[in-house]
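The next block is data_21.txt, given as compact mmCIF, C-alpha atoms.
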# COMPACT_ATOMS: atom_id res chain seq x y z
CA MET A 1 -0.39 -0.93 22.59
CA THR A 2 -3.99 -0.72 21.45
CA ALA A 3 -5.21 -2.63 18.42
CA THR A 4 -5.56 0.56 16.44
CA ALA A 5 -2.05 1.69 17.33
CA SER A 6 -0.69 -1.76 16.47
CA GLN A 7 -2.37 -1.69 13.09
CA ARG A 8 -0.94 1.74 12.40
CA PHE A 9 2.51 0.54 13.37
CA ARG A 10 2.31 -2.48 11.06
CA ALA A 11 1.12 -0.20 8.22
CA TRP A 12 4.06 2.12 8.91
CA VAL A 13 6.50 -0.82 8.71
CA ARG A 14 4.96 -1.98 5.41
CA ARG A 15 5.32 1.51 3.99
CA ARG A 16 9.03 1.50 4.77
CA ARG A 17 9.51 -1.75 2.82
CA ALA A 18 8.98 -0.56 -0.70
CA PRO A 19 7.97 -3.40 -3.02
CA LEU A 20 10.01 -4.34 -6.06
CA LEU A 21 8.47 -3.17 -9.30
CA HIS A 22 7.98 -5.26 -12.43
CA ILE A 23 10.90 -5.04 -14.84
CA ASP A 24 9.14 -5.36 -18.15
CA ARG A 25 12.24 -5.44 -20.29
CA ASP A 26 16.02 -5.52 -19.91
CA THR A 27 17.84 -5.77 -23.23
CA GLY A 28 21.21 -6.34 -21.60
CA GLY A 29 24.47 -5.46 -23.27
CA ASP A 30 27.48 -3.33 -22.41
CA GLY A 31 26.26 0.00 -23.80
CA PRO A 32 25.13 2.99 -21.77
CA ILE A 33 22.25 2.11 -19.46
CA VAL A 34 18.86 3.72 -20.01
CA VAL A 35 16.09 3.19 -17.42
CA MET A 36 12.57 4.16 -18.51
CA ILE A 37 9.46 4.64 -16.38
CA HIS A 38 5.99 5.38 -17.72
CA GLY A 39 3.12 7.52 -16.53
CA ILE A 40 -0.18 7.17 -14.71
CA ALA A 41 -2.72 4.58 -15.89
CA SER A 42 -0.24 3.05 -18.30
CA SER A 43 2.60 0.53 -18.51
CA SER A 44 5.96 0.03 -20.19
CA VAL A 45 4.16 -0.30 -23.52
CA THR A 46 4.53 3.50 -23.46
CA PHE A 47 8.06 3.06 -24.82
CA GLN A 48 7.37 0.65 -27.66
CA ASN A 49 8.46 3.25 -30.21
CA LEU A 50 11.55 4.32 -28.25
CA VAL A 51 13.22 1.07 -27.18
CA PRO A 52 13.92 -0.14 -30.76
CA LEU A 53 15.72 3.12 -31.49
CA LEU A 54 18.05 2.80 -28.49
CA GLU A 55 18.59 -0.92 -27.98
CA PRO A 56 21.21 -1.39 -30.75
CA ASP A 57 23.76 0.52 -28.65
CA HIS A 58 22.16 0.92 -25.20
CA ARG A 59 21.04 -1.38 -22.44
CA CYS A 60 17.35 -0.52 -22.19
CA ILE A 61 15.44 -1.26 -19.00
CA THR A 62 11.71 -0.51 -18.78
CA ILE A 63 9.96 -0.61 -15.41
CA ASP A 64 6.24 -0.53 -14.54
CA ILE A 65 5.57 2.06 -11.83
CA LEU A 66 3.87 1.26 -8.54
CA GLY A 67 0.21 0.35 -8.99
CA PHE A 68 0.26 -0.05 -12.76
CA GLY A 69 1.21 -2.55 -15.43
CA LYS A 70 2.38 -5.73 -13.72
CA SER A 71 3.82 -4.01 -10.66
CA PRO A 72 2.40 -4.43 -7.14
CA ALA A 73 -0.55 -2.22 -6.18
CA PRO A 74 -0.65 -2.11 -2.36
CA SER A 75 -4.01 -0.83 -1.17
CA ASP A 76 -2.61 0.74 2.01
CA TRP A 77 -0.13 3.04 0.23
CA ASP A 78 -0.89 6.66 -0.59
CA TYR A 79 0.98 6.70 -3.92
CA THR A 80 2.84 9.90 -3.16
CA LEU A 81 5.92 10.85 -5.14
CA ALA A 82 8.00 9.73 -2.18
CA GLU A 83 6.42 6.26 -2.23
CA HIS A 84 6.69 5.93 -6.00
CA ALA A 85 10.35 6.96 -5.84
CA ALA A 86 11.03 4.56 -2.95
CA ALA A 87 9.69 1.64 -4.98
CA LEU A 88 11.77 2.72 -7.96
CA ASP A 89 14.85 2.99 -5.74
CA ALA A 90 14.36 -0.52 -4.35
CA THR A 91 13.98 -1.88 -7.87
CA ILE A 92 17.01 -0.09 -9.28
CA ARG A 93 19.12 -1.26 -6.33
CA SER A 94 18.03 -4.83 -7.08
CA LEU A 95 19.48 -4.48 -10.59
CA LYS A 96 22.95 -3.80 -9.14
CA LEU A 97 23.86 -1.39 -11.92
CA ASP A 98 27.60 -0.77 -12.06
CA ARG A 99 27.63 2.80 -13.41
CA PRO A 100 25.51 5.95 -13.60
CA PHE A 101 22.59 5.65 -15.99
CA ILE A 102 20.24 7.77 -18.06
CA LEU A 103 16.80 7.98 -16.47
CA ILE A 104 13.81 8.68 -18.72
CA GLY A 105 10.37 9.38 -17.31
CA HIS A 106 7.15 9.96 -19.21
CA SER A 107 4.27 12.00 -17.74
CA LEU A 108 3.88 10.98 -14.07
CA GLY A 109 7.05 8.94 -14.60
CA SER A 110 8.90 12.20 -15.22
CA LEU A 111 7.84 13.48 -11.80
CA ILE A 112 8.94 10.23 -10.15
CA ALA A 113 12.21 10.29 -12.06
CA THR A 114 12.90 13.86 -10.93
CA ARG A 115 12.29 12.99 -7.28
CA TYR A 116 14.57 9.96 -7.61
CA ALA A 117 17.31 11.98 -9.33
CA ALA A 118 17.15 14.70 -6.67
CA ARG A 119 17.66 12.09 -3.96
CA HIS A 120 20.33 9.99 -5.76
CA PRO A 121 22.69 12.46 -7.44
CA ASN A 122 25.57 10.01 -7.89
CA GLY A 123 23.60 7.45 -9.84
CA ILE A 124 22.20 9.63 -12.64
CA ALA A 125 24.21 10.53 -15.73
CA ARG A 126 21.32 12.35 -17.39
CA LEU A 127 17.64 12.97 -16.68
CA VAL A 128 15.20 13.06 -19.60
CA LEU A 129 11.65 14.20 -18.85
CA VAL A 130 9.16 13.40 -21.60
CA SER A 131 5.80 15.20 -21.62
CA PRO A 132 6.20 16.34 -17.99
CA PRO A 133 3.04 17.70 -16.31
CA LEU A 134 4.73 20.37 -14.21
CA TYR A 135 2.07 21.91 -11.99
CA LEU A 136 2.16 24.54 -9.26
CA PRO A 137 -0.53 25.87 -6.93
CA PRO A 138 -2.45 28.37 -9.10
CA GLU A 139 -2.08 31.13 -6.52
CA THR A 140 1.71 31.04 -6.99
CA ILE A 141 1.46 31.85 -10.71
CA GLY A 142 1.81 35.55 -11.53
CA ASP A 143 0.54 35.55 -15.09
CA ARG A 144 -3.26 35.68 -15.13
CA VAL A 145 -3.67 33.41 -18.15
CA ASP A 146 -1.19 30.83 -16.87
CA ARG A 147 -2.83 30.95 -13.44
CA ALA A 148 -6.26 30.25 -14.92
CA GLY A 149 -4.89 27.43 -17.03
CA MET A 150 -3.19 25.86 -14.04
CA GLY A 151 -6.40 26.03 -12.04
CA ALA A 152 -8.27 24.29 -14.85
CA TYR A 153 -6.05 21.21 -14.53
CA PHE A 154 -6.76 20.89 -10.81
CA THR A 155 -10.50 21.28 -11.45
CA LEU A 156 -10.40 18.60 -14.14
CA TYR A 157 -8.46 16.14 -12.01
CA GLU A 158 -10.76 16.63 -9.04
CA PHE A 159 -13.71 15.88 -11.33
CA LEU A 160 -12.07 12.72 -12.67
CA ARG A 161 -11.30 11.47 -9.17
CA GLY A 162 -14.88 12.06 -8.04
CA ASN A 163 -16.61 10.38 -10.98
CA GLN A 164 -15.35 6.84 -11.37
CA ASP A 165 -17.90 5.58 -13.92
CA PHE A 166 -17.35 8.55 -16.21
CA THR A 167 -13.56 8.36 -15.92
CA VAL A 168 -13.39 4.62 -16.61
CA ARG A 169 -15.68 4.95 -19.63
CA ALA A 170 -13.81 7.95 -21.00
CA ALA A 171 -10.45 6.22 -20.58
CA ALA A 172 -11.74 3.13 -22.37
CA ALA A 173 -12.98 5.26 -25.27
CA LEU A 174 -9.64 7.02 -25.57
CA ALA A 175 -7.77 3.71 -25.34
CA ARG A 176 -9.70 2.33 -28.31
CA ILE A 177 -8.44 5.09 -30.59
CA ALA A 178 -4.93 5.45 -29.14
CA PRO A 179 -2.10 4.62 -31.57
CA ILE A 180 -0.35 2.52 -28.93
CA LYS A 181 -2.37 -0.50 -27.81
CA ASN A 182 -3.03 -0.72 -24.04
CA VAL A 183 -1.26 2.59 -23.40
CA LEU A 184 -4.19 3.86 -21.30
CA ASP A 185 -5.78 1.66 -18.64
CA VAL A 186 -8.16 2.97 -15.98
CA THR A 187 -10.32 0.27 -14.41
CA ALA A 188 -12.00 -0.63 -11.16
CA GLU A 189 -8.95 -2.76 -10.38
CA ASN A 190 -6.45 0.11 -10.54
CA TRP A 191 -8.82 2.86 -9.39
CA VAL A 192 -7.10 3.27 -6.00
CA PRO A 193 -3.58 3.66 -7.46
CA PHE A 194 -4.99 5.92 -10.17
CA THR A 195 -6.87 8.33 -7.92
CA ARG A 196 -4.23 8.41 -5.21
CA SER A 197 -1.39 8.93 -7.70
CA LEU A 198 -3.38 11.69 -9.35
CA GLN A 199 -4.10 13.47 -6.08
CA ASN A 200 -0.93 12.72 -4.10
CA ALA A 201 1.74 12.72 -6.81
CA ILE A 202 0.52 14.84 -9.73
CA GLU A 203 -1.73 17.40 -8.01
CA SER A 204 0.43 17.60 -4.87
CA GLN A 205 3.80 17.56 -6.60
CA THR A 206 6.89 19.53 -5.67
CA THR A 207 8.66 18.75 -8.94
CA ILE A 208 9.94 22.26 -9.66
CA ALA A 209 11.75 22.21 -6.31
CA ASP A 210 12.99 18.67 -6.98
CA LEU A 211 14.20 19.73 -10.41
CA ALA A 212 16.21 22.59 -8.93
CA ALA A 213 17.94 20.06 -6.64
CA VAL A 214 18.99 17.70 -9.45
CA ASP A 215 22.73 17.79 -10.18
CA ALA A 216 22.61 15.91 -13.48
CA PRO A 217 21.89 17.57 -16.84
CA VAL A 218 18.16 17.63 -17.53
CA ASP A 219 16.35 17.50 -20.87
CA LEU A 220 12.68 18.32 -21.31
CA VAL A 221 11.15 16.77 -24.43
CA TYR A 222 7.53 17.49 -25.23
CA GLY A 223 5.04 17.93 -28.04
CA THR A 224 3.65 21.32 -28.95
CA LEU A 225 0.11 19.85 -28.94
CA ASP A 226 0.33 18.17 -25.54
CA PRO A 227 -2.90 19.02 -23.67
CA PHE A 228 -1.46 18.13 -20.26
CA LEU A 229 1.43 20.58 -20.24
CA ALA A 230 0.97 23.71 -18.15
CA PRO A 231 2.86 26.69 -19.62
CA GLY A 232 3.35 28.22 -16.18
CA GLY A 233 5.30 25.22 -14.93
CA LEU A 234 7.27 24.75 -18.14
CA LYS A 235 8.42 28.37 -18.18
CA ILE A 236 9.93 28.05 -14.72
CA ALA A 237 11.59 24.70 -15.47
CA GLU A 238 13.11 25.93 -18.70
CA ARG A 239 14.78 28.84 -16.92
CA LEU A 240 16.84 26.53 -14.70
CA ARG A 241 20.49 26.60 -15.67
CA HIS A 242 20.90 22.84 -16.16
CA VAL A 243 17.72 22.29 -18.20
CA THR A 244 17.46 22.10 -22.00
CA ALA A 245 14.11 21.90 -23.78
CA THR A 246 13.29 20.14 -27.04
CA ARG A 247 9.89 20.89 -28.54
CA VAL A 248 8.42 18.48 -31.07
CA ALA A 249 5.98 20.12 -33.46
CA GLY A 250 2.62 18.46 -33.88
CA ASN A 251 3.06 15.80 -31.17
CA ASP A 252 0.62 15.28 -28.31
CA HIS A 253 1.20 13.58 -24.95
CA LEU A 254 2.02 10.09 -26.24
CA VAL A 255 5.45 8.82 -27.25
CA ARG A 256 4.58 8.57 -30.91
CA PRO A 257 7.35 7.80 -33.46
CA ARG A 258 8.25 11.48 -33.94
CA LEU A 259 8.58 12.11 -30.21
CA ALA A 260 10.48 8.84 -29.77
CA GLU A 261 12.98 9.94 -32.42
CA ALA A 262 13.47 13.26 -30.63
CA VAL A 263 14.09 11.50 -27.31
CA ALA A 264 16.56 9.08 -28.90
CA GLU A 265 18.41 12.02 -30.46
CA VAL A 266 18.61 13.73 -27.05
CA VAL A 267 19.91 10.55 -25.40
CA ARG A 268 22.66 10.24 -28.01
CA SER A 269 23.59 13.94 -28.01
CA PRO A 270 26.54 15.31 -26.02
CA VAL A 271 25.67 16.39 -22.51
CA HIS A 272 24.84 20.09 -22.56
CA ASP A 273 26.60 22.63 -20.40
CA SER A 274 25.12 24.57 -17.50
CA GLU A 275 23.87 27.56 -19.49
CA PRO A 276 20.15 28.30 -19.53
CA GLY A 277 18.15 26.09 -21.91
Can you give me the file's structure in the form of structure tokens?
Amino acid sequence: MTATASQRFRAWVRRRRAPLLHIDRDTGGDGPIVVMIHGIASSSVTFQNLVPLLEPDHRCITIDILGFGKSPAPSDWDYTLAEHAAALDATIRSLKLDRPFILIGHSLGSLIATRYAARHPNGIARLVLVSPPLYLPPETIGDRVDRAGMGAYFTLYEFLRGNQDFTVRAAAALARIAPIKNVLDVTAENWVPFTRSLQNAIESQTTIADLAAVDAPVDLVYGTLDPFLAPGGLKIAERLRHVTATRVAGNDHLVRPRLAEAVAEVVRSPVHDSEPG
């Protein structure tokens, strides 16, 4: 075996051994279990407005996704949805949960959560997708306006990936005015996980197909002012028989108090039936 082939083999082995993610919080208790995962360039601080609403009667577990927060950031991973979901799976298995749980994902976390739920149907009692960036290749969108809007996201993300200095500075400026401290973090240290997750998980997602394969009831919760939501993707997702949508007027992409209250209400509501949402 040549050196190059040997190196590739060792890299392949490492990729199969998904690292355990950082469990930021586990409130314990005997109530229904809620697992929460945040989005790109963020951490479990994303849920600081949501956990207090649920913890009185739920066991709340918040997990930092691969490459962000205090979780491992392997430089030889591609940060695809498959790899993110594999790390989440390894971490959830380490918790040895004894019953199906509610899985909440925010932003990129919603894409990871959907992939996980599609692959682990017996473990999920309910899937809640908060501010989900559901994107499709623009050429697959029939509506001209939706197609143009979808293309604009891909153009923007390509620009961000190709201009590190600008992106880091812009993220820092947005972080300074964000209502949740440390909710946005793009730095030289997490640039590889950021750009690879953006390209290989968000831009290259297959979340609509994953969503169709999920057996559990699905709730979409999003703000009407969210700049990262693509109408073309949302329209398709909302037509699926097991999906219910909750729109929060005046909320943007972040889990502000109003959006947190809407998510908590969804979590506590009876599971909806299989009629279109």
Residue among A:Gly142, A:Pro137, A:Pro52, A:Pro121 lying closest to Thr155 (chain A), counting only C-alpha atoms: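 The closest residue to Thr155 (chain A) is A:Pro137.
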Applying 12 Å and only C-alpha atoms, which residues near Asn49 (chain A) remain after dropping the ones on its own chain fewer than 6 positions away? List them as a PyMOL selection string. chain A and resi 55+179-181+183+254-264
As a ChimeraX atom specification, please: the residues near region 35-42 of chain A (cut-off 9 Å, all atoms listed in the file, same-chain neighbours under 4 positions excluded). /A:46-47,59-65,67-69,88,92,101-113,182-187,190,193-194,197-198
Could you dump the residues just selected with C-alpha atoms as an mmCIF file, in the frame of the given file?
data_model
loop_
_atom_site.group_PDB
_atom_site.id
_atom_site.type_symbol
_atom_site.label_atom_id
_atom_site.label_comp_id
_atom_site.auth_asym_id
_atom_site.auth_seq_id
_atom_site.Cartn_x
_atom_site.Cartn_y
_atom_site.Cartn_z
ATOM 1 C CA THR A 46 4.530 3.500 -23.460
ATOM 2 C CA PHE A 47 8.060 3.060 -24.820
ATOM 3 C CA ARG A 59 21.040 -1.380 -22.440
ATOM 4 C CA CYS A 60 17.350 -0.520 -22.190
ATOM 5 C CA ILE A 61 15.440 -1.260 -19.000
ATOM 6 C CA THR A 62 11.710 -0.510 -18.780
ATOM 7 C CA ILE A 63 9.960 -0.610 -15.410
ATOM 8 C CA ASP A 64 6.240 -0.530 -14.540
ATOM 9 C CA ILE A 65 5.570 2.060 -11.830
ATOM 10 C CA GLY A 67 0.210 0.350 -8.990
ATOM 11 C CA PHE A 68 0.260 -0.050 -12.760
ATOM 12 C CA GLY A 69 1.210 -2.550 -15.430
ATOM 13 C CA LEU A 88 11.770 2.720 -7.960
ATOM 14 C CA ILE A 92 17.010 -0.090 -9.280
ATOM 15 C CA PHE A 101 22.590 5.650 -15.990
ATOM 16 C CA ILE A 102 20.240 7.770 -18.060
ATOM 17 C CA LEU A 103 16.800 7.980 -16.470
ATOM 18 C CA ILE A 104 13.810 8.680 -18.720
ATOM 19 C CA GLY A 105 10.370 9.380 -17.310
ATOM 20 C CA HIS A 106 7.150 9.960 -19.210
ATOM 21 C CA SER A 107 4.270 12.000 -17.740
ATOM 22 C CA LEU A 108 3.880 10.980 -14.070
ATOM 23 C CA GLY A 109 7.050 8.940 -14.600
ATOM 24 C CA SER A 110 8.900 12.200 -15.220
ATOM 25 C CA LEU A 111 7.840 13.480 -11.800
ATOM 26 C CA ILE A 112 8.940 10.230 -10.150
ATOM 27 C CA ALA A 113 12.210 10.290 -12.060
ATOM 28 C CA ASN A 182 -3.030 -0.720 -24.040
ATOM 29 C CA VAL A 183 -1.260 2.590 -23.400
ATOM 30 C CA LEU A 184 -4.190 3.860 -21.300
ATOM 31 C CA ASP A 185 -5.780 1.660 -18.640
ATOM 32 C CA VAL A 186 -8.160 2.970 -15.980
ATOM 33 C CA THR A 187 -10.320 0.270 -14.410
ATOM 34 C CA ASN A 190 -6.450 0.110 -10.540
ATOM 35 C CA PRO A 193 -3.580 3.660 -7.460
ATOM 36 C CA PHE A 194 -4.990 5.920 -10.170
ATOM 37 C CA SER A 197 -1.390 8.930 -7.700
ATOM 38 C CA LEU A 198 -3.380 11.690 -9.350
#
Out of A:Asp57, A:Asp143, A:Asp98, A:Asp165, which residue has the shortest atom-to-atom distance to Thr27 (chain A) when counting all atoms listed in the file?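 Once distances to Thr27 (chain A) are computed over all atoms listed in the file, the minimum belongs to A:Asp57.
CA of Ala175 (chain A) to CA of Leu20 (chain A) spans 27.4 Å [interatomic distance, one decimal].
Among the candidates A:Thr114, A:Tyr153, A:Arg268, A:Phe166, the residue lying nearest to His58 (chain A) is A:Arg268 (atoms considered: all atoms listed in the file).
Computed from the coordinates, the CA of Phe228 (chain A) to CA of Thr80 (chain A) distance equals 19.5 Å.
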Restricting the calculation to all atoms listed in the file, which member of A:Val130, A:Ala118, A:Ala209, A:Ala125 is positioned closest to Pro270 (chain A)?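 The shortest atom-to-atom distance to Pro270 (chain A) comes from A:Ala125.
Interatomic distance, CA of Leu97 (chain A) against CA of Thr246 (chain A): 28.4 Å.
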List the neighbours of Glu158 (chain A) out to 8 Å using all atoms listed in the file; skip same-chain residues closer than 4 positions along the sequence, and give me the result as number ranges by chain. A: 154, 162, 199
Write out as a PyMOL selection string the residues lying within 12 Å of region 238-241 of chain A, counting all atoms listed in the file and excluding same-chain residues fewer than 4 positions away. chain A and resi 129+132+134+208-221+231-234+245-247+272-277
Name the residues within 7 Å of (3.8, 14.4, -9.7), counting all atoms listed in the file in the file's coordinates, and put them as a CSV table (one decimal) with C-alpha atoms, in the frame of the given file.
chain,number,residue,atom,x,y,z
A,81,LEU,CA,5.9,10.8,-5.1
A,108,LEU,CA,3.9,11.0,-14.1
A,111,LEU,CA,7.8,13.5,-11.8
A,112,ILE,CA,8.9,10.2,-10.2
A,201,ALA,CA,1.7,12.7,-6.8
A,202,ILE,CA,0.5,14.8,-9.7
A,203,GLU,CA,-1.7,17.4,-8.0
A,204,SER,CA,0.4,17.6,-4.9
A,205,GLN,CA,3.8,17.6,-6.6
A,207,THR,CA,8.7,18.8,-8.9
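Between Ser43 (chain A) and the candidates A:Ser71, A:Pro56, A:Ala86, A:Trp77, the tightest atom-to-atom separation, counting only C-alpha atoms, involves A:Ser71.
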Could you give me, as a ChimeraX atom specification, the residues within 12 Å of Ala152 (chain A), counting all atoms listed in the file and dropping anything in the same chain fewer than 4 positions from it? /A:135-138,145-148,156-159,203,227-230
C-alpha atoms of the current selection, written as a short mmCIF file (atom, residue, chain, number, x, y, z; two decimals), keeping the file's coordinate frame:
data_model
loop_
_atom_site.label_atom_id
_atom_site.label_comp_id
_atom_site.auth_asym_id
_atom_site.auth_seq_id
_atom_site.Cartn_x
_atom_site.Cartn_y
_atom_site.Cartn_z
CA TYR A 135 2.07 21.91 -11.99
CA LEU A 136 2.16 24.54 -9.26
CA PRO A 137 -0.53 25.87 -6.93
CA PRO A 138 -2.45 28.37 -9.10
CA VAL A 145 -3.67 33.41 -18.15
CA ASP A 146 -1.19 30.83 -16.87
CA ARG A 147 -2.83 30.95 -13.44
CA ALA A 148 -6.26 30.25 -14.92
CA LEU A 156 -10.40 18.60 -14.14
CA TYR A 157 -8.46 16.14 -12.01
CA GLU A 158 -10.76 16.63 -9.04
CA PHE A 159 -13.71 15.88 -11.33
CA GLU A 203 -1.73 17.40 -8.01
CA PRO A 227 -2.90 19.02 -23.67
CA PHE A 228 -1.46 18.13 -20.26
CA LEU A 229 1.43 20.58 -20.24
CA ALA A 230 0.97 23.71 -18.15
#
Using only C-alpha atoms, which of the listed residues (A:Ser75, A:Glu83, A:Val51, A:Asn200) sits closest to Arg17 (chain A)? A:Glu83
